[in-house]
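Step one of this worksheet: look at the structure below.
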Amino acid sequence: MTDDAPSPPPPARDPLAFFASGRGGALAVALSAIALGLAAVPYATGGDFGEKVRAYLIANPQVLDEAVQARQQAEEANRVETINANIAANVALLAPDPRDPSIGPADAKVTVIEFFDYRCPGCKAVSEDFLALIRAHPDVRFVFKEWPILDRGDDTSSNYAARAALAAHAQGRYLPVHQALMAEPALDPATVDRILTDNGVDLAQARAVMASPETDDLIADIHGVGQMLGLAGTPTFLINGRTTSSINPVEVSAAIEAAKRS
């Protein structure tokens, strides 16, 4: 799902919504399941069964929370399984692409790929910890997939920021610009331009790269990969071709260590 593909782009994950997204929808599903289950029960247990269940749920509302949590866990497990199956069926989509900014040995045993948007709250929340992971694992290759999916209508700041970062990459200034874009609470073209110049990027040269067909192609290709793999939002981390079920840097680090041992 992308912002310029036929289907509308998915919302980004923020630090809390990633763990508790869709609570209202999940609660509705849980309540529907309970209602369906209760519909036939009175015939077998007596007409007051529904009232007894209602009274129990009112007295023990945590049961509904547990049902919602179980539903969310099942949906998340299904999402991870689906993405990993899509990756297994389309391994070539994650072949090394020299156009992508990356850090670490080209022949590393472990490769971590991050799909992100510079206006994604979850991406911003983990960016410093992700940089710490890069420093802590010099033997791992980290690949940055510029995936601007949060633009709506005339607001194209995500796309502008992604192009600016790629232009900075062309001048050898990718990582400082990347981190500055992540650290900025609100992005617009003027702010992005300031970040480029503050980090030693020649703005005239950058504009040429940002508007180039090659940059168009790269961003379009990343959108296509995200859609083909069924990625649900940003940030998404892939470690040796398998997605993580969490954006928590501690869990991402644990997955990296597990990949090293495999």
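Convention: chains lettered A, B, ... in structure tokens order; per-chain residue numbering from 1; ligands numbered from 1 as shown.
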
So which residues of segment 17-211 of chain A fall under strand (DSSP E or B) by DSSP, listed as a list in words?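 Result set for segment 17-211 of chain A (strand (DSSP E or B)): Ser102, Ile103, Thr111, Val112, Ile113, Glu114, Phe115, Phe116, Arg141, Phe142, Val143, Phe144, Lys145, Glu146, Arg152 and Asp155 of chain A.
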
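By only C-alpha atoms, and with residues fewer than 6 positions from Leu93 of chain A along its chain excluded, the set lying at most 9 Å from it is Ile87, Val225, Met228 and Leu229 of chain A.
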
Measure the distance from atom CA of Ala85 of chain A to atom CA of Pro249 of chain A in Å and round it to one decimal.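 These two atoms are separated by 23.5 Å.
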
Would you mind telling me which residue in A:Pro138, A:Gly122, A:Pro148, A:Gly226 lies nearest to Val110 of chain A when using only C-alpha atoms? A:Pro138

Using the chain letters and numbers from this document, which residues of segment 10-242 of chain A does DSSP assign to helix (DSSP H, G or I), as a compact mmCIF listing (two decimals) with N, CA and C atoms, in the first residue's frame?
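So selection_12.txt came out as:
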# COMPACT_ATOMS: atom_id res chain seq x y z
N ALA A 17 0.16 3.46 19.14
CA ALA A 17 -0.85 2.86 18.28
C ALA A 17 -0.38 1.54 17.73
N PHE A 18 0.94 1.37 17.56
CA PHE A 18 1.45 0.09 17.05
C PHE A 18 1.07 -1.06 17.97
N PHE A 19 1.08 -0.80 19.29
CA PHE A 19 0.80 -1.86 20.24
C PHE A 19 -0.69 -1.96 20.55
N ALA A 20 -1.46 -0.90 20.28
CA ALA A 20 -2.87 -0.93 20.66
C ALA A 20 -3.77 -0.39 19.56
N ARG A 23 -8.19 -0.68 18.58
CA ARG A 23 -8.85 -1.18 19.78
C ARG A 23 -10.36 -1.17 19.62
N GLY A 24 -10.88 -0.04 19.07
CA GLY A 24 -12.32 0.03 18.90
C GLY A 24 -12.83 -1.06 17.99
N GLY A 25 -12.13 -1.30 16.86
CA GLY A 25 -12.55 -2.35 15.94
C GLY A 25 -12.45 -3.72 16.56
N ALA A 26 -11.38 -3.95 17.29
CA ALA A 26 -11.21 -5.25 17.93
C ALA A 26 -12.26 -5.47 18.99
N LEU A 27 -12.61 -4.40 19.72
CA LEU A 27 -13.64 -4.53 20.74
C LEU A 27 -14.97 -4.87 20.10
N ALA A 28 -15.27 -4.22 18.96
CA ALA A 28 -16.51 -4.52 18.27
C ALA A 28 -16.56 -5.98 17.84
N VAL A 29 -15.42 -6.48 17.32
CA VAL A 29 -15.37 -7.89 16.91
C VAL A 29 -15.57 -8.81 18.09
N ALA A 30 -14.92 -8.46 19.22
CA ALA A 30 -15.04 -9.30 20.41
C ALA A 30 -16.48 -9.32 20.90
N LEU A 31 -17.12 -8.14 20.93
CA LEU A 31 -18.51 -8.08 21.38
C LEU A 31 -19.43 -8.83 20.43
N SER A 32 -19.16 -8.72 19.11
CA SER A 32 -19.98 -9.45 18.14
C SER A 32 -19.87 -10.94 18.34
N ALA A 33 -18.64 -11.41 18.60
CA ALA A 33 -18.44 -12.84 18.82
C ALA A 33 -19.20 -13.30 20.07
N ILE A 34 -19.15 -12.49 21.13
CA ILE A 34 -19.87 -12.84 22.35
C ILE A 34 -21.37 -12.87 22.08
N ALA A 35 -21.85 -11.87 21.34
CA ALA A 35 -23.28 -11.82 21.05
C ALA A 35 -23.74 -13.02 20.24
N LEU A 36 -22.95 -13.38 19.23
CA LEU A 36 -23.30 -14.55 18.43
C LEU A 36 -23.32 -15.81 19.27
N GLY A 37 -22.33 -15.90 20.14
CA GLY A 37 -22.26 -17.08 20.99
C GLY A 37 -23.43 -17.17 21.94
N LEU A 38 -23.89 -16.00 22.41
CA LEU A 38 -24.98 -16.00 23.38
C LEU A 38 -26.34 -16.21 22.72
N ALA A 39 -26.43 -15.94 21.43
CA ALA A 39 -27.73 -15.96 20.78
C ALA A 39 -28.44 -17.30 20.93
N ALA A 40 -27.68 -18.38 20.82
CA ALA A 40 -28.30 -19.70 20.86
C ALA A 40 -28.28 -20.33 22.25
N PRO A 42 -29.43 -19.42 25.33
CA PRO A 42 -30.59 -19.48 26.21
C PRO A 42 -31.47 -20.70 25.98
N TYR A 43 -31.50 -21.19 24.74
CA TYR A 43 -32.33 -22.35 24.45
C TYR A 43 -31.85 -23.59 25.20
N ALA A 44 -30.56 -23.61 25.52
CA ALA A 44 -30.00 -24.78 26.19
C ALA A 44 -29.84 -24.55 27.68
N THR A 45 -29.78 -23.31 28.11
CA THR A 45 -29.43 -23.06 29.51
C THR A 45 -30.48 -22.29 30.28
N PHE A 49 -29.80 -16.76 30.98
CA PHE A 49 -28.35 -16.91 30.81
C PHE A 49 -27.70 -15.62 30.33
N GLY A 50 -28.36 -14.97 29.36
CA GLY A 50 -27.81 -13.74 28.83
C GLY A 50 -27.68 -12.67 29.89
N GLU A 51 -28.66 -12.57 30.76
CA GLU A 51 -28.59 -11.59 31.83
C GLU A 51 -27.45 -11.91 32.80
N LYS A 52 -27.26 -13.20 33.05
CA LYS A 52 -26.17 -13.60 33.94
C LYS A 52 -24.81 -13.23 33.34
N VAL A 53 -24.67 -13.48 32.03
CA VAL A 53 -23.42 -13.13 31.35
C VAL A 53 -23.22 -11.62 31.36
N ARG A 54 -24.30 -10.90 31.11
CA ARG A 54 -24.21 -9.43 31.12
C ARG A 54 -23.76 -8.94 32.49
N ALA A 55 -24.36 -9.48 33.51
CA ALA A 55 -23.99 -9.06 34.87
C ALA A 55 -22.54 -9.40 35.16
N TYR A 56 -22.11 -10.57 34.66
CA TYR A 56 -20.72 -10.98 34.89
C TYR A 56 -19.75 -10.03 34.19
N LEU A 57 -20.07 -9.65 32.95
CA LEU A 57 -19.19 -8.76 32.20
C LEU A 57 -19.15 -7.37 32.82
N ILE A 58 -20.28 -6.91 33.34
CA ILE A 58 -20.29 -5.61 34.00
C ILE A 58 -19.43 -5.65 35.26
N ALA A 59 -19.50 -6.77 35.97
CA ALA A 59 -18.72 -6.91 37.20
C ALA A 59 -17.25 -7.20 36.91
N GLN A 62 -12.65 -6.50 32.75
CA GLN A 62 -11.34 -6.88 32.24
C GLN A 62 -11.41 -8.06 31.28
N VAL A 63 -12.51 -8.81 31.35
CA VAL A 63 -12.67 -9.94 30.43
C VAL A 63 -12.73 -9.44 28.99
N LEU A 64 -13.42 -8.31 28.78
CA LEU A 64 -13.47 -7.73 27.43
C LEU A 64 -12.10 -7.26 26.99
N ASP A 65 -11.34 -6.66 27.93
CA ASP A 65 -9.98 -6.24 27.60
C ASP A 65 -9.14 -7.44 27.17
N GLU A 66 -9.31 -8.55 27.88
CA GLU A 66 -8.55 -9.76 27.53
C GLU A 66 -8.96 -10.28 26.16
N ALA A 67 -10.26 -10.19 25.85
CA ALA A 67 -10.72 -10.64 24.53
C ALA A 67 -10.16 -9.77 23.42
N VAL A 68 -10.13 -8.45 23.67
CA VAL A 68 -9.57 -7.53 22.68
C VAL A 68 -8.09 -7.81 22.48
N GLN A 69 -7.38 -7.99 23.58
CA GLN A 69 -5.94 -8.25 23.50
C GLN A 69 -5.66 -9.54 22.73
N ALA A 70 -6.43 -10.58 23.01
CA ALA A 70 -6.24 -11.84 22.31
C ALA A 70 -6.49 -11.67 20.82
N ARG A 71 -7.53 -10.90 20.49
CA ARG A 71 -7.84 -10.66 19.08
C ARG A 71 -6.70 -9.90 18.40
N GLN A 72 -6.18 -8.87 19.06
CA GLN A 72 -5.09 -8.09 18.49
C GLN A 72 -3.84 -8.94 18.30
N GLN A 73 -3.55 -9.79 19.27
CA GLN A 73 -2.38 -10.66 19.16
C GLN A 73 -2.52 -11.62 17.98
N ALA A 74 -3.73 -12.14 17.80
CA ALA A 74 -3.97 -13.05 16.68
C ALA A 74 -3.83 -12.32 15.34
N GLU A 75 -4.36 -11.09 15.28
CA GLU A 75 -4.26 -10.32 14.04
C GLU A 75 -2.81 -9.97 13.73
N GLU A 76 -2.03 -9.61 14.77
CA GLU A 76 -0.63 -9.27 14.56
C GLU A 76 0.17 -10.48 14.10
N ALA A 77 -0.11 -11.63 14.72
CA ALA A 77 0.58 -12.86 14.31
C ALA A 77 0.25 -13.19 12.86
N ASN A 78 -1.00 -12.98 12.47
CA ASN A 78 -1.40 -13.25 11.09
C ASN A 78 -0.73 -12.27 10.13
N ARG A 79 -0.61 -11.00 10.55
CA ARG A 79 0.07 -10.01 9.70
C ARG A 79 1.51 -10.40 9.45
N VAL A 80 2.22 -10.78 10.54
CA VAL A 80 3.62 -11.17 10.41
C VAL A 80 3.75 -12.40 9.52
N GLU A 81 2.89 -13.37 9.73
CA GLU A 81 2.95 -14.60 8.92
C GLU A 81 2.71 -14.31 7.45
N THR A 82 1.76 -13.41 7.17
CA THR A 82 1.45 -13.08 5.78
C THR A 82 2.62 -12.37 5.10
N ILE A 83 3.22 -11.40 5.80
CA ILE A 83 4.36 -10.68 5.22
C ILE A 83 5.52 -11.63 4.97
N ASN A 84 5.81 -12.49 5.95
CA ASN A 84 6.93 -13.42 5.77
C ASN A 84 6.68 -14.39 4.62
N ALA A 85 5.43 -14.80 4.45
CA ALA A 85 5.10 -15.67 3.32
C ALA A 85 5.28 -14.92 2.00
N ASN A 86 4.87 -13.66 1.98
CA ASN A 86 5.05 -12.85 0.77
C ASN A 86 6.53 -12.67 0.44
N ILE A 87 7.35 -12.48 1.48
CA ILE A 87 8.79 -12.33 1.25
C ILE A 87 9.36 -13.62 0.69
N ALA A 88 8.98 -14.75 1.28
CA ALA A 88 9.49 -16.05 0.81
C ALA A 88 9.13 -16.30 -0.65
N ALA A 89 7.97 -15.79 -1.06
CA ALA A 89 7.53 -15.99 -2.43
C ALA A 89 8.11 -14.96 -3.40
N VAL A 91 11.54 -13.35 -3.01
CA VAL A 91 12.85 -13.08 -2.42
C VAL A 91 13.61 -12.01 -3.20
N ALA A 92 13.46 -12.00 -4.51
CA ALA A 92 14.22 -11.05 -5.35
C ALA A 92 13.88 -9.60 -5.03
N LEU A 93 12.70 -9.36 -4.45
CA LEU A 93 12.31 -7.98 -4.14
C LEU A 93 13.23 -7.33 -3.10
N LEU A 94 13.87 -8.17 -2.28
CA LEU A 94 14.75 -7.65 -1.24
C LEU A 94 16.23 -7.87 -1.57
N PRO A 121 5.21 9.06 13.36
CA PRO A 121 5.56 9.20 14.78
C PRO A 121 6.35 8.02 15.33
N GLY A 122 5.98 6.80 14.92
CA GLY A 122 6.71 5.63 15.39
C GLY A 122 8.15 5.61 14.90
N CYS A 123 8.36 6.02 13.65
CA CYS A 123 9.72 6.09 13.11
C CYS A 123 10.55 7.08 13.90
N LYS A 124 9.96 8.23 14.19
CA LYS A 124 10.67 9.24 14.95
C LYS A 124 10.99 8.76 16.36
N ALA A 125 10.05 8.03 16.96
CA ALA A 125 10.22 7.58 18.34
C ALA A 125 11.39 6.62 18.50
N VAL A 126 11.64 5.80 17.47
CA VAL A 126 12.69 4.77 17.59
C VAL A 126 13.97 5.16 16.86
N SER A 127 14.02 6.35 16.26
CA SER A 127 15.16 6.67 15.39
C SER A 127 16.48 6.71 16.15
N GLU A 128 16.49 7.31 17.33
CA GLU A 128 17.74 7.38 18.10
C GLU A 128 18.18 6.00 18.55
N ASP A 129 17.23 5.19 19.00
CA ASP A 129 17.57 3.83 19.41
C ASP A 129 18.03 2.99 18.22
N PHE A 130 17.45 3.25 17.05
CA PHE A 130 17.87 2.52 15.86
C PHE A 130 19.30 2.89 15.49
N LEU A 131 19.64 4.16 15.62
CA LEU A 131 21.01 4.59 15.38
C LEU A 131 21.96 3.91 16.37
N ALA A 132 21.51 3.74 17.61
CA ALA A 132 22.32 3.04 18.61
C ALA A 132 22.52 1.58 18.22
N LEU A 133 21.51 0.97 17.61
CA LEU A 133 21.65 -0.41 17.13
C LEU A 133 22.71 -0.48 16.04
N ILE A 134 22.72 0.50 15.16
CA ILE A 134 23.73 0.53 14.09
C ILE A 134 25.13 0.58 14.69
N ARG A 135 25.30 1.42 15.69
CA ARG A 135 26.61 1.54 16.32
C ARG A 135 26.98 0.27 17.08
N ALA A 136 25.97 -0.39 17.66
CA ALA A 136 26.24 -1.59 18.47
C ALA A 136 26.51 -2.82 17.62
N SER A 157 4.88 16.60 1.82
CA SER A 157 6.10 16.80 2.60
C SER A 157 6.87 15.50 2.83
N SER A 158 6.17 14.38 2.97
CA SER A 158 6.86 13.10 3.16
C SER A 158 7.70 12.76 1.93
N ASN A 159 7.10 12.94 0.77
CA ASN A 159 7.81 12.65 -0.47
C ASN A 159 8.98 13.60 -0.65
N TYR A 160 8.77 14.87 -0.32
CA TYR A 160 9.84 15.87 -0.45
C TYR A 160 11.01 15.51 0.47
N ALA A 161 10.70 15.10 1.70
CA ALA A 161 11.75 14.75 2.65
C ALA A 161 12.52 13.52 2.18
N ALA A 162 11.81 12.52 1.65
CA ALA A 162 12.48 11.32 1.16
C ALA A 162 13.43 11.65 0.02
N ARG A 163 12.98 12.48 -0.89
CA ARG A 163 13.82 12.88 -2.02
C ARG A 163 15.04 13.68 -1.54
N ALA A 164 14.81 14.54 -0.54
CA ALA A 164 15.92 15.33 0.00
C ALA A 164 16.97 14.43 0.64
N ALA A 165 16.52 13.40 1.35
CA ALA A 165 17.46 12.48 1.98
C ALA A 165 18.27 11.74 0.93
N LEU A 166 17.62 11.33 -0.15
CA LEU A 166 18.34 10.64 -1.22
C LEU A 166 19.33 11.59 -1.90
N ALA A 167 18.96 12.86 -2.02
CA ALA A 167 19.88 13.85 -2.59
C ALA A 167 21.08 14.05 -1.66
N ALA A 168 20.83 14.03 -0.36
CA ALA A 168 21.94 14.12 0.60
C ALA A 168 22.85 12.91 0.49
N HIS A 169 22.24 11.74 0.24
CA HIS A 169 23.03 10.52 0.06
C HIS A 169 23.98 10.67 -1.12
N ALA A 170 23.51 11.31 -2.18
CA ALA A 170 24.35 11.51 -3.37
C ALA A 170 25.55 12.40 -3.05
N TYR A 174 24.10 11.47 3.95
CA TYR A 174 22.80 10.84 4.22
C TYR A 174 22.48 10.75 5.71
N LEU A 175 23.35 10.13 6.50
CA LEU A 175 22.99 9.82 7.89
C LEU A 175 22.69 11.08 8.71
N PRO A 176 23.53 12.13 8.66
CA PRO A 176 23.17 13.33 9.45
C PRO A 176 21.86 13.96 9.01
N VAL A 177 21.58 13.95 7.70
CA VAL A 177 20.31 14.49 7.22
C VAL A 177 19.16 13.60 7.66
N HIS A 178 19.33 12.31 7.54
CA HIS A 178 18.31 11.35 7.97
C HIS A 178 17.94 11.59 9.43
N GLN A 179 18.94 11.69 10.30
CA GLN A 179 18.67 11.87 11.73
C GLN A 179 18.03 13.23 12.00
N ALA A 180 18.46 14.26 11.28
CA ALA A 180 17.86 15.58 11.48
C ALA A 180 16.41 15.61 11.04
N LEU A 181 16.09 14.93 9.95
CA LEU A 181 14.70 14.85 9.49
C LEU A 181 13.85 14.09 10.51
N MET A 182 14.40 13.04 11.07
CA MET A 182 13.67 12.27 12.08
C MET A 182 13.47 13.09 13.36
N ALA A 183 14.42 13.93 13.68
CA ALA A 183 14.34 14.70 14.93
C ALA A 183 13.40 15.90 14.82
N PRO A 189 8.52 21.66 3.18
CA PRO A 189 9.67 21.85 2.27
C PRO A 189 10.70 22.85 2.76
N ALA A 190 10.25 23.96 3.35
CA ALA A 190 11.22 24.97 3.82
C ALA A 190 12.09 24.40 4.94
N THR A 191 11.48 23.64 5.83
CA THR A 191 12.23 23.03 6.93
C THR A 191 13.21 21.99 6.40
N VAL A 192 12.77 21.21 5.43
CA VAL A 192 13.65 20.21 4.83
C VAL A 192 14.84 20.88 4.17
N ASP A 193 14.60 21.98 3.43
CA ASP A 193 15.71 22.71 2.79
C ASP A 193 16.70 23.22 3.83
N ARG A 194 16.17 23.72 4.93
CA ARG A 194 17.06 24.21 5.99
C ARG A 194 17.92 23.08 6.55
N ILE A 195 17.31 21.92 6.74
CA ILE A 195 18.07 20.77 7.26
C ILE A 195 19.17 20.38 6.28
N LEU A 196 18.88 20.43 5.00
CA LEU A 196 19.92 20.10 4.01
C LEU A 196 21.10 21.06 4.13
N THR A 197 20.81 22.34 4.13
CA THR A 197 21.91 23.32 4.17
C THR A 197 22.64 23.28 5.51
N ASP A 198 21.91 23.06 6.59
CA ASP A 198 22.55 22.97 7.91
C ASP A 198 23.53 21.80 7.98
N LEU A 203 22.36 22.85 -2.00
CA LEU A 203 20.92 22.82 -2.29
C LEU A 203 20.63 22.76 -3.79
N ALA A 204 21.40 23.45 -4.58
CA ALA A 204 21.16 23.43 -6.03
C ALA A 204 21.37 22.03 -6.60
N GLN A 205 22.46 21.39 -6.19
CA GLN A 205 22.70 20.02 -6.63
C GLN A 205 21.62 19.08 -6.10
N ALA A 206 21.20 19.31 -4.86
CA ALA A 206 20.18 18.45 -4.26
C ALA A 206 18.87 18.54 -5.03
N ARG A 207 18.49 19.73 -5.43
CA ARG A 207 17.22 19.89 -6.15
C ARG A 207 17.24 19.12 -7.46
N ALA A 208 18.38 19.09 -8.11
CA ALA A 208 18.49 18.34 -9.37
C ALA A 208 18.27 16.86 -9.13
N VAL A 209 18.87 16.32 -8.06
CA VAL A 209 18.68 14.90 -7.74
C VAL A 209 17.24 14.62 -7.33
N MET A 210 16.67 15.52 -6.53
CA MET A 210 15.30 15.32 -6.06
C MET A 210 14.30 15.23 -7.21
N PRO A 213 14.58 11.66 -12.84
CA PRO A 213 13.84 10.42 -13.10
C PRO A 213 14.36 9.25 -12.28
N GLU A 214 15.66 9.24 -11.99
CA GLU A 214 16.23 8.14 -11.20
C GLU A 214 15.63 8.11 -9.80
N THR A 215 15.43 9.29 -9.20
CA THR A 215 14.82 9.34 -7.88
C THR A 215 13.35 8.95 -7.97
N ASP A 216 12.66 9.39 -9.02
CA ASP A 216 11.28 8.96 -9.25
C ASP A 216 11.20 7.43 -9.26
N ASP A 217 12.10 6.83 -10.01
CA ASP A 217 12.08 5.38 -10.17
C ASP A 217 12.34 4.66 -8.85
N LEU A 218 13.30 5.15 -8.09
CA LEU A 218 13.64 4.49 -6.83
C LEU A 218 12.46 4.52 -5.86
N ILE A 219 11.85 5.68 -5.70
CA ILE A 219 10.72 5.79 -4.77
C ILE A 219 9.55 4.95 -5.26
N ALA A 220 9.31 4.95 -6.55
CA ALA A 220 8.23 4.12 -7.10
C ALA A 220 8.51 2.64 -6.87
N ASP A 221 9.76 2.23 -7.03
CA ASP A 221 10.12 0.84 -6.81
C ASP A 221 9.92 0.44 -5.35
N ILE A 222 10.26 1.33 -4.42
CA ILE A 222 10.07 1.02 -3.00
C ILE A 222 8.59 0.92 -2.68
N HIS A 223 7.79 1.81 -3.23
CA HIS A 223 6.34 1.69 -3.07
C HIS A 223 5.86 0.33 -3.57
N GLY A 224 6.37 -0.07 -4.72
CA GLY A 224 5.96 -1.35 -5.29
C GLY A 224 6.33 -2.52 -4.41
N VAL A 225 7.53 -2.48 -3.84
CA VAL A 225 7.97 -3.56 -2.95
C VAL A 225 7.08 -3.61 -1.72
N GLY A 226 6.80 -2.46 -1.13
CA GLY A 226 5.93 -2.43 0.04
C GLY A 226 4.57 -3.01 -0.24
N GLN A 227 4.03 -2.68 -1.41
CA GLN A 227 2.72 -3.20 -1.79
C GLN A 227 2.77 -4.70 -2.04
N MET A 228 3.78 -5.16 -2.77
CA MET A 228 3.90 -6.59 -3.08
C MET A 228 4.06 -7.42 -1.81
N LEU A 229 4.77 -6.88 -0.81
CA LEU A 229 5.00 -7.64 0.42
C LEU A 229 3.85 -7.49 1.41

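Separating atom CA of Pro105 of chain A from atom CA of Arg242 of chain A is a distance of 19.4 Å.
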